[in-house]
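To be precise, the following lines are target22.cif, and they hold mmCIF, C-alpha atoms.
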```cif
data_upload
loop_
_atom_site.label_atom_id
_atom_site.label_comp_id
_atom_site.auth_asym_id
_atom_site.auth_seq_id
_atom_site.Cartn_x
_atom_site.Cartn_y
_atom_site.Cartn_z
CA MET T 1 23.91 -11.34 -11.26
CA LYS T 2 23.30 -8.58 -8.73
CA ILE T 3 19.53 -8.40 -8.29
CA LEU T 4 17.49 -5.92 -6.27
CA VAL T 5 14.37 -7.55 -4.81
CA THR T 6 11.77 -5.46 -3.00
CA GLY T 7 9.55 -7.07 -0.37
CA THR T 8 12.10 -9.63 0.85
CA ALA T 9 10.32 -10.06 4.20
CA GLY T 10 7.15 -10.81 2.26
CA PHE T 11 5.72 -14.17 1.20
CA ILE T 12 6.80 -14.20 -2.45
CA GLY T 13 9.82 -11.91 -2.11
CA ASN T 14 11.47 -14.03 0.54
CA ALA T 15 10.91 -17.29 -1.36
CA LEU T 16 12.35 -15.68 -4.49
CA ALA T 17 15.40 -14.32 -2.65
CA LEU T 18 16.19 -17.81 -1.32
CA LYS T 19 16.07 -19.31 -4.82
CA LEU T 20 18.20 -16.55 -6.34
CA LEU T 21 20.80 -16.94 -3.58
CA ALA T 22 20.79 -20.72 -4.06
CA ARG T 23 21.74 -20.36 -7.72
CA GLY T 24 24.57 -17.95 -6.92
CA ASP T 25 23.06 -14.50 -7.46
CA GLU T 26 23.74 -11.56 -5.16
CA VAL T 27 20.51 -10.16 -3.69
CA ILE T 28 19.91 -6.65 -2.39
CA GLY T 29 16.71 -6.99 -0.36
CA ILE T 30 14.43 -4.06 0.45
CA ASP T 31 11.64 -4.21 3.03
CA ASN T 32 10.19 -1.80 5.58
CA LEU T 33 8.67 -4.50 7.84
CA ASN T 34 5.37 -2.64 8.13
CA ASP T 35 2.67 -3.93 10.45
CA TYR T 36 -0.06 -4.75 7.89
CA TYR T 37 0.23 -8.26 9.35
CA ASP T 38 2.36 -10.09 11.94
CA VAL T 39 5.83 -8.51 11.91
CA ASN T 40 7.29 -11.52 13.71
CA LEU T 41 6.34 -13.73 10.76
CA LYS T 42 8.11 -11.28 8.45
CA LYS T 43 11.20 -11.33 10.68
CA ALA T 44 11.19 -15.13 10.72
CA ARG T 45 11.06 -15.21 6.92
CA LEU T 46 13.86 -12.65 6.68
CA ALA T 47 16.01 -14.67 9.07
CA ARG T 48 16.19 -17.36 6.37
CA THR T 49 18.09 -14.98 4.07
CA THR T 50 20.01 -12.51 6.25
CA ALA T 51 22.70 -15.04 7.24
CA HIS T 52 23.60 -15.63 3.59
CA PRO T 53 26.87 -13.89 2.60
CA LYS T 54 25.40 -12.69 -0.71
CA PHE T 55 22.30 -11.10 0.83
CA THR T 56 22.16 -7.42 1.80
CA ASP T 57 19.24 -6.39 4.02
CA VAL T 58 18.01 -2.81 3.45
CA ARG T 59 15.21 -1.37 5.59
CA VAL T 60 13.50 1.40 3.62
CA SER T 61 10.04 2.15 2.23
CA LEU T 62 9.40 2.35 -1.50
CA GLU T 63 7.73 5.73 -1.11
CA ASP T 64 10.94 7.21 0.41
CA ARG T 65 12.30 8.74 -2.80
CA ASP T 66 15.74 9.69 -1.49
CA ALA T 67 16.31 6.34 0.21
CA ILE T 68 15.41 4.36 -2.91
CA GLU T 69 17.69 6.53 -5.05
CA ALA T 70 20.50 5.93 -2.55
CA VAL T 71 20.02 2.14 -2.76
CA PHE T 72 20.31 2.21 -6.55
CA ALA T 73 23.30 4.53 -6.46
CA GLN T 74 25.16 2.45 -3.88
CA HIS T 75 24.44 -1.07 -5.13
CA GLN T 76 23.99 -0.59 -8.91
CA PRO T 77 21.79 -3.68 -9.44
CA GLN T 78 21.74 -5.27 -12.88
CA ARG T 79 18.13 -6.40 -12.61
CA VAL T 80 15.20 -5.56 -10.34
CA VAL T 81 12.17 -7.52 -9.11
CA ASN T 82 9.52 -5.33 -7.49
CA LEU T 83 7.31 -7.42 -5.19
CA ALA T 84 6.82 -4.93 -2.35
CA ALA T 85 3.32 -3.47 -2.33
CA GLN T 86 0.33 -2.85 -0.15
CA ALA T 87 -1.64 -6.01 -0.83
CA GLY T 88 -5.22 -7.05 -0.17
CA VAL T 89 -8.47 -6.24 -1.96
CA ARG T 90 -10.59 -5.73 1.14
CA TYR T 91 -8.06 -3.58 3.02
CA SER T 92 -7.98 -1.16 0.07
CA ILE T 93 -11.63 -0.24 0.58
CA ASP T 94 -10.94 1.20 4.04
CA ASN T 95 -7.35 2.39 3.51
CA PRO T 96 -7.11 3.76 -0.05
CA ARG T 97 -4.31 6.27 0.51
CA VAL T 98 -1.86 3.59 1.65
CA TYR T 99 -2.24 1.88 -1.73
CA VAL T 100 -1.48 5.01 -3.73
CA GLU T 101 1.57 5.80 -1.60
CA SER T 102 3.09 2.31 -1.74
CA ASN T 103 1.88 0.95 -5.06
CA VAL T 104 1.93 4.10 -7.21
CA VAL T 105 4.41 6.55 -5.65
CA GLY T 106 6.66 3.67 -4.55
CA PHE T 107 6.60 2.08 -8.00
CA LEU T 108 7.49 5.43 -9.60
CA ASN T 109 10.58 5.57 -7.39
CA ILE T 110 11.58 2.08 -8.56
CA LEU T 111 11.07 3.06 -12.20
CA GLU T 112 13.19 6.17 -11.73
CA GLY T 113 15.94 4.15 -10.06
CA CYS T 114 15.95 1.69 -12.97
CA ARG T 115 15.96 4.51 -15.51
CA HIS T 116 18.86 6.46 -14.04
CA HIS T 117 21.08 3.48 -13.18
CA GLY T 118 21.04 1.38 -16.34
CA VAL T 119 19.00 -1.55 -15.04
CA GLU T 120 18.83 -4.33 -17.65
CA HIS T 121 15.35 -5.60 -16.78
CA LEU T 122 12.55 -4.73 -14.34
CA VAL T 123 10.11 -7.49 -13.39
CA TYR T 124 7.18 -6.41 -11.22
CA ALA T 125 4.17 -7.99 -9.55
CA SER T 126 0.75 -7.29 -10.92
CA THR T 127 -2.35 -9.30 -10.01
CA SER T 128 -5.28 -11.27 -11.37
CA SER T 129 -7.44 -8.62 -9.68
CA VAL T 130 -6.84 -6.33 -12.68
CA TYR T 131 -9.37 -8.39 -14.65
CA GLY T 132 -12.08 -6.89 -12.44
CA ALA T 133 -15.53 -6.95 -14.03
CA ASN T 134 -14.29 -9.03 -16.98
CA THR T 135 -16.06 -12.42 -17.03
CA ASN T 136 -14.49 -13.78 -20.23
CA MET T 137 -12.72 -16.95 -19.01
CA PRO T 138 -9.93 -17.91 -18.95
CA PHE T 139 -8.45 -14.46 -18.30
CA SER T 140 -5.96 -13.60 -21.03
CA VAL T 141 -3.24 -10.95 -21.01
CA HIS T 142 -4.69 -9.91 -24.37
CA HIS T 143 -8.06 -9.03 -22.79
CA ASN T 144 -9.21 -5.52 -21.88
CA VAL T 145 -8.70 -4.75 -18.17
CA ASP T 146 -10.21 -1.28 -17.93
CA HIS T 147 -12.86 -2.12 -15.31
CA PRO T 148 -11.20 -2.78 -11.92
CA VAL T 149 -13.52 -3.33 -8.96
CA SER T 150 -11.07 -2.41 -6.16
CA LEU T 151 -8.48 0.33 -5.68
CA TYR T 152 -5.86 -2.37 -5.15
CA ALA T 153 -6.54 -3.61 -8.68
CA ALA T 154 -6.53 -0.05 -10.02
CA THR T 155 -3.06 0.62 -8.56
CA LYS T 156 -1.70 -2.56 -10.13
CA LYS T 157 -3.20 -1.64 -13.50
CA ALA T 158 -1.52 1.76 -13.02
CA ASN T 159 1.80 -0.06 -12.53
CA GLU T 160 1.39 -1.77 -15.89
CA LEU T 161 0.67 1.56 -17.59
CA MET T 162 3.57 3.30 -15.86
CA ALA T 163 5.94 0.49 -16.81
CA HIS T 164 4.92 0.74 -20.46
CA THR T 165 5.56 4.48 -20.42
CA TYR T 166 9.12 3.93 -19.16
CA SER T 167 9.69 1.12 -21.66
CA HIS T 168 8.52 3.46 -24.44
CA LEU T 169 10.30 6.63 -23.36
CA TYR T 170 13.58 5.24 -22.02
CA GLY T 171 13.90 1.76 -23.53
CA LEU T 172 13.69 0.15 -20.06
CA PRO T 173 12.74 -3.53 -20.49
CA THR T 174 9.81 -4.27 -18.17
CA THR T 175 7.80 -7.44 -17.51
CA GLY T 176 4.59 -7.44 -15.45
CA LEU T 177 3.39 -10.66 -13.83
CA ARG T 178 -0.27 -11.12 -12.96
CA PHE T 179 -0.23 -13.54 -10.02
CA PHE T 180 -3.27 -15.74 -9.35
CA THR T 181 -4.09 -16.47 -5.65
CA VAL T 182 -0.68 -17.51 -4.33
CA TYR T 183 -0.58 -19.95 -1.41
CA GLY T 184 1.86 -22.21 0.40
CA PRO T 185 4.24 -22.40 3.41
CA TRP T 186 5.21 -19.04 4.95
CA GLY T 187 2.08 -17.48 3.41
CA ARG T 188 0.22 -14.33 4.43
CA PRO T 189 -2.11 -14.47 7.47
CA ASP T 190 -4.74 -12.35 5.69
CA MET T 191 -5.30 -14.98 2.98
CA ALA T 192 -7.95 -17.72 2.99
CA LEU T 193 -5.76 -20.80 3.51
CA PHE T 194 -4.03 -19.27 6.53
CA LYS T 195 -7.27 -18.03 8.12
CA PHE T 196 -9.15 -21.26 7.45
CA THR T 197 -6.38 -23.43 8.89
CA LYS T 198 -6.04 -21.27 12.01
CA ASN T 199 -9.77 -21.16 12.76
CA ILE T 200 -10.42 -24.85 12.08
CA LEU T 201 -7.59 -25.87 14.42
CA GLU T 202 -8.88 -23.48 17.09
CA GLY T 203 -12.47 -24.70 16.72
CA LYS T 204 -13.68 -21.36 15.40
CA PRO T 205 -16.03 -20.87 12.42
CA ILE T 206 -14.63 -19.78 9.06
CA ASP T 207 -16.22 -17.04 6.91
CA VAL T 208 -17.11 -18.45 3.49
CA TYR T 209 -17.98 -15.64 1.08
CA ASN T 210 -20.22 -15.81 -1.96
CA HIS T 211 -21.92 -18.75 -0.17
CA GLY T 212 -19.00 -20.95 -1.22
CA GLN T 213 -19.56 -20.36 -4.93
CA HIS T 214 -16.09 -18.87 -5.47
CA LYS T 215 -13.66 -20.41 -7.93
CA ARG T 216 -9.99 -19.55 -7.70
CA ASP T 217 -6.92 -20.42 -9.74
CA PHE T 218 -4.84 -21.24 -6.65
CA THR T 219 -1.11 -21.13 -7.50
CA TYR T 220 1.57 -22.71 -5.32
CA ILE T 221 4.44 -20.50 -4.16
CA ASP T 222 7.20 -22.61 -5.79
CA ASP T 223 5.44 -22.30 -9.16
CA ILE T 224 5.20 -18.53 -8.76
CA VAL T 225 8.91 -18.25 -7.94
CA GLU T 226 9.87 -20.43 -10.91
CA GLY T 227 7.77 -18.20 -13.17
CA VAL T 228 9.39 -15.05 -11.79
CA MET T 229 12.90 -16.41 -12.29
CA ARG T 230 12.24 -17.57 -15.85
CA THR T 231 10.77 -14.24 -16.88
CA LEU T 232 13.57 -12.34 -15.09
CA ASP T 233 16.12 -14.26 -17.15
CA LYS T 234 14.29 -13.53 -20.42
CA VAL T 235 14.67 -9.77 -20.86
CA ALA T 236 11.56 -8.18 -22.38
CA ALA T 237 11.99 -7.25 -26.03
CA PRO T 238 9.94 -5.24 -28.52
CA ASN T 239 7.24 -7.12 -30.44
CA SER T 240 8.12 -6.56 -34.12
CA ASP T 241 4.59 -7.59 -35.14
CA TRP T 242 2.88 -5.08 -32.85
CA ASN T 243 0.28 -3.03 -34.70
CA GLY T 244 -1.19 0.24 -33.46
CA GLN T 245 -4.33 -0.37 -35.54
CA ALA T 246 -5.02 -3.52 -33.54
CA PRO T 247 -2.91 -3.07 -30.39
CA ASP T 248 -1.99 -6.09 -28.29
CA SER T 249 -2.18 -5.11 -24.62
CA ALA T 250 0.39 -7.72 -23.55
CA SER T 251 3.27 -6.44 -25.68
CA SER T 252 4.43 -3.33 -27.53
CA ARG T 253 6.89 -1.82 -29.95
CA ALA T 254 8.71 -1.00 -26.70
CA PRO T 255 10.48 -3.72 -24.64
CA TYR T 256 7.38 -4.54 -22.61
CA ARG T 257 5.62 -7.79 -21.67
CA LEU T 258 2.76 -9.02 -19.50
CA TYR T 259 2.18 -12.60 -18.34
CA ASN T 260 -0.32 -14.47 -16.20
CA ILE T 261 1.14 -16.89 -13.66
CA GLY T 262 -1.65 -19.18 -12.53
CA ASN T 263 -2.29 -22.89 -12.12
CA ASN T 264 -4.67 -22.88 -15.11
CA GLN T 265 -7.11 -25.05 -13.11
CA PRO T 266 -9.80 -23.16 -11.18
CA VAL T 267 -10.86 -24.86 -7.94
CA GLU T 268 -14.22 -24.46 -6.23
CA LEU T 269 -13.85 -22.93 -2.78
CA MET T 270 -15.86 -25.71 -1.13
CA HIS T 271 -13.48 -28.33 -2.56
CA TYR T 272 -10.53 -26.25 -1.35
CA ILE T 273 -12.03 -26.29 2.16
CA GLU T 274 -12.59 -30.07 1.93
CA VAL T 275 -8.90 -30.59 1.16
CA ILE T 276 -7.93 -28.43 4.16
CA GLU T 277 -10.28 -30.45 6.37
CA ARG T 278 -8.70 -33.73 5.21
CA CYS T 279 -5.18 -32.44 5.83
CA LEU T 280 -6.14 -31.23 9.31
CA GLY T 281 -8.31 -34.24 10.16
CA LYS T 282 -10.98 -31.87 11.38
CA LYS T 283 -14.24 -30.48 9.96
CA ALA T 284 -14.88 -26.77 9.54
CA GLU T 285 -17.81 -24.83 10.94
CA MET T 286 -18.83 -22.34 8.24
CA ASN T 287 -20.44 -18.91 8.18
CA MET T 288 -21.93 -18.65 4.68
CA LEU T 289 -21.81 -15.02 3.58
CA PRO T 290 -22.55 -12.99 0.41
CA LEU T 291 -19.92 -11.81 -2.09
CA GLN T 292 -17.76 -9.11 -0.56
CA GLN T 293 -17.46 -5.64 -2.02
CA GLY T 294 -14.48 -5.41 -4.38
CA ASP T 295 -14.27 -9.19 -4.84
CA VAL T 296 -14.87 -11.27 -7.96
CA PRO T 297 -16.61 -14.67 -8.10
CA ALA T 298 -14.00 -16.49 -10.20
CA THR T 299 -10.44 -16.36 -11.56
CA TYR T 300 -8.92 -18.55 -14.25
CA ALA T 301 -5.54 -17.90 -15.90
CA ASP T 302 -4.75 -18.34 -19.57
CA ILE T 303 -1.01 -19.05 -19.43
CA GLY T 304 -0.42 -19.54 -23.14
CA ALA T 305 1.96 -16.57 -23.41
CA LEU T 306 4.03 -17.75 -20.43
CA MET T 307 4.35 -21.26 -21.88
CA GLN T 308 5.25 -19.95 -25.32
CA ASP T 309 7.88 -17.45 -24.20
CA VAL T 310 9.59 -19.17 -21.25
CA GLY T 311 8.37 -22.77 -21.51
CA PHE T 312 6.82 -22.94 -18.04
CA LYS T 313 3.44 -24.11 -16.75
CA PRO T 314 2.58 -24.13 -13.03
CA ASP T 315 1.33 -27.61 -12.10
CA THR T 316 1.37 -28.18 -8.32
CA PRO T 317 -1.99 -29.74 -7.33
CA ILE T 318 -3.80 -28.15 -4.38
CA GLU T 319 -3.77 -31.47 -2.51
CA LEU T 320 0.03 -31.37 -2.37
CA GLY T 321 0.28 -27.60 -1.86
CA ILE T 322 -2.21 -27.53 1.02
CA GLU T 323 -0.57 -30.56 2.66
CA ARG T 324 2.78 -28.74 2.62
CA PHE T 325 1.22 -25.59 4.05
CA VAL T 326 -0.51 -27.46 6.88
CA GLN T 327 2.73 -29.24 7.75
CA TRP T 328 4.56 -25.89 7.87
CA TYR T 329 1.76 -24.25 9.89
CA ARG T 330 1.75 -27.01 12.54
CA GLU T 331 5.53 -26.81 12.90
CA TYR T 332 5.79 -23.01 12.92
CA TYR T 333 2.93 -22.44 15.38
CA GLN T 334 3.35 -25.75 17.23
CA ALA T 335 -0.35 -26.33 16.55
#
```

Would you mind writing the file out in structure tokens?
Amino acid sequence: MKILVTGTAGFIGNALALKLLARGDEVIGIDNLNDYYDVNLKKARLARTTAHPKFTDVRVSLEDRDAIEAVFAQHQPQRVVNLAAQAGVRYSIDNPRVYVESNVVGFLNILEGCRHHGVEHLVYASTSSVYGANTNMPFSVHHNVDHPVSLYAATKKANELMAHTYSHLYGLPTTGLRFFTVYGPWGRPDMALFKFTKNILEGKPIDVYNHGQHKRDFTYIDDIVEGVMRTLDKVAAPNSDWNGQAPDSASSRAPYRLYNIGNNQPVELMHYIEVIERCLGKKAEMNMLPLQQGDVPATYADIGALMQDVGFKPDTPIELGIERFVQWYREYYQA
């Protein structure tokens, strides 16, 4: 197929593009290489795909309406995976406008491109952050998510609502994927595993929030990519049993679906740090700090819908995932 992937210099987008190319798909990759974090890391990721004869590298921003329309008009993709976004819970507190421009305006431009150019299926990244103040564990796609605790989460919830509107009005099949704490080689420098590894190796203290009481459903990058590809291949369809008297938030009479992609095994942050220490052969010095504004103490994915519909369950243990990350980090940074 010809597949448009946004965010192909990003952590998940680049890993996905490589897998799609490996199975024979043609990939149109969009990225603007912004400086939210190390641009050289983004360029190094992108270098893994740009040499491939079936990869087209397009440098535009999602919020550039005319440029996005031109990409759709020129390349006529059959399917679209939207992974480009302004990420990060904490950054959204200080930089709210960036999130609306990229995650809301940019997503509208993607929806319009899909609508006007006959795209067969749009798959887009949502986040476990949408569960917000909900403490009913494990988090289910059938739960209410009307109480976000960060603007980042609010923009991702907005994406889900916008996608449903386009599925309803125009029959555009859309599938939203709520990712749970993705980690692994080529990861983002603003995430815990990257920061912890860097500081421990450099003999610097690490900041441990919520006094180490966090629990996270850490999900390895290869499992995320497998989940994206399986849902991309299964075009969202209307739920014939959907009932407006008792509406299911994860499906619709329109061709609309939501799934969690998580490891389904929450890990205590202190155990996560212990595994990093073992892989590095070095102990961490810790600054124990309170829960940060906009953060939640725990995440835990119910993946029943994903298993039922596409037959997939993420299962990479953190011991293996962290070991692979540390090996990559030492090689990439010669640390």

Tell me which protein, DNA and RNA residues are within 7 Å of segment 172-185 of chain T, counting all atoms listed in the file, leaving out same-chain ones fewer than 4 positions away, and put them as a ChimeraX atom specification.
/T:115,120-128,160,163,166-167,216-221,235-237,255-262,321-322,324-325,328

With the PyMOL selection byres ((chain T and resi 319) around 10) as the selection, what would be picked from this file? Answer as a PyMOL selection string, please.
chain T and resi 272+274-276+278-279+316-318+320-324

Could you expand the PyMOL selection byres ((chain T and resi 298) around 10) into the explicit residues it covers here, written as a PyMOL selection string?
chain T and resi 135+137-138+213-217+266-269+295-297+299-300

Please evaluate the PyMOL selection byres ((chain T and resi 155) around 10) against the structure above and give the resulting residues as an mmCIF file with C-alpha atoms, in the frame of the given file.
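Resulting contents of expr-v3.cif:
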```
data_model
loop_
_atom_site.group_PDB
_atom_site.id
_atom_site.type_symbol
_atom_site.label_atom_id
_atom_site.label_comp_id
_atom_site.auth_asym_id
_atom_site.auth_seq_id
_atom_site.Cartn_x
_atom_site.Cartn_y
_atom_site.Cartn_z
ATOM 1 C CA ALA T 85 3.320 -3.470 -2.330
ATOM 2 C CA GLN T 86 0.330 -2.850 -0.150
ATOM 3 C CA PRO T 96 -7.110 3.760 -0.050
ATOM 4 C CA TYR T 99 -2.240 1.880 -1.730
ATOM 5 C CA VAL T 100 -1.480 5.010 -3.730
ATOM 6 C CA GLU T 101 1.570 5.800 -1.600
ATOM 7 C CA SER T 102 3.090 2.310 -1.740
ATOM 8 C CA ASN T 103 1.880 0.950 -5.060
ATOM 9 C CA VAL T 104 1.930 4.100 -7.210
ATOM 10 C CA VAL T 105 4.410 6.550 -5.650
ATOM 11 C CA PHE T 107 6.600 2.080 -8.000
ATOM 12 C CA SER T 126 0.750 -7.290 -10.920
ATOM 13 C CA VAL T 130 -6.840 -6.330 -12.680
ATOM 14 C CA PRO T 148 -11.200 -2.780 -11.920
ATOM 15 C CA SER T 150 -11.070 -2.410 -6.160
ATOM 16 C CA LEU T 151 -8.480 0.330 -5.680
ATOM 17 C CA TYR T 152 -5.860 -2.370 -5.150
ATOM 18 C CA ALA T 153 -6.540 -3.610 -8.680
ATOM 19 C CA ALA T 154 -6.530 -0.050 -10.020
ATOM 20 C CA LYS T 156 -1.700 -2.560 -10.130
ATOM 21 C CA LYS T 157 -3.200 -1.640 -13.500
ATOM 22 C CA ALA T 158 -1.520 1.760 -13.020
ATOM 23 C CA ASN T 159 1.800 -0.060 -12.530
ATOM 24 C CA GLU T 160 1.390 -1.770 -15.890
ATOM 25 C CA LEU T 161 0.670 1.560 -17.590
#
```

Listed atoms of segment 278-296 of chain T boxed axis-aligned with 6 Å per side, centre + edges as JSON:
```
{"center_x": -13.9, "center_y": -19.8, "center_z": 1.7, "size_x": 29.4, "size_y": 40.8, "size_z": 31.3}
```

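All residues of protein, DNA or RNA that reach within 9 Å of Tyr131 of chain T, judged by only C-alpha atoms and not counting those fewer than 6 positions away in the chain, are Phe139, Ser140, His143, Asn144, Val145, Asp146, His147, Pro148, Val149, Ala153 and Thr299 of chain T.
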
Show me, as a ChimeraX atom specification, the residues that have an atom within 12 Å of Ala51 of chain T when counting all atoms listed in the file, minus same-chain residues fewer than 6 positions from it.
/T:18,21,45,57

Take atom CA of Asp38 of chain T and atom CA of Arg59 of chain T and report the distance between them in Å, one decimal.
16.8 Å

Neighbours of segment 70-83 of chain T within 10 Å (all atoms listed in the file; same-chain residues fewer than 6 positions away dropped), as a PyMOL selection string?
chain T and resi 1-8+10-14+16-17+26-31+56+58+60+62+103+106-107+110-114+116-126+173-176+228-229+232-233+235

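Atom CA of Ala305 of chain T to atom CA of Arg23 of chain T spans 25.5 Å [interatomic distance, one decimal].
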
In terms of the shortest atom-to-atom distance over all atoms listed in the file, which of T:Ile68, T:Met286, T:Ala47, T:Val326 is closest to Leu193 of chain T?
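Ranking T:Ile68, T:Met286, T:Ala47, T:Val326 by distance to Leu193 of chain T, first place goes to T:Val326.
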
Using all atoms listed in the file, the best pick from T:Met162, T:Val310, T:Leu201, T:Ile303 as closest to Lys234 of chain T would be T:Val310

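Separating atom CA of Asn32 of chain T from atom CA of Ser61 of chain T is a distance of 5.2 Å.
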
Using all atoms listed in the file, the shortest atom-to-atom distance to Tyr209 of chain T among T:Ser251, T:Asn264, T:Thr197, T:Asn287 belongs to T:Asn287

Long-range neighbours of Ala254 of chain T as a ChimeraX atom specification, 7 Å cut-off, all atoms listed in the file, 6 positions minimum in chain
/T:167-168,171,238

Please produce a file of the residues just selected, as a PDB file, in the coordinates of the input, where the atoms kept are C-alpha atoms.
```pdb
ATOM      1  CA  SER T 167       9.690   1.120 -21.660  1.00  0.00           C
ATOM      2  CA  HIS T 168       8.520   3.460 -24.440  1.00  0.00           C
ATOM      3  CA  GLY T 171      13.900   1.760 -23.530  1.00  0.00           C
ATOM      4  CA  PRO T 238       9.940  -5.240 -28.520  1.00  0.00           C
TER       5      PRO T 238
END
```

List every protein, DNA or RNA residue that has at least one atom no more than 7 Å from (-17.5, -24.2, 3.5) in the file's coordinates, counting only C-alpha atoms, and write the result as a ChimeraX atom specification.
/T:208,212,270,273,286

Using all atoms listed in the file, can you tell me which of T:Gln292, T:Gln327, T:Ser252, T:Asn263 comes closest to Asn210 of chain T?
T:Gln292
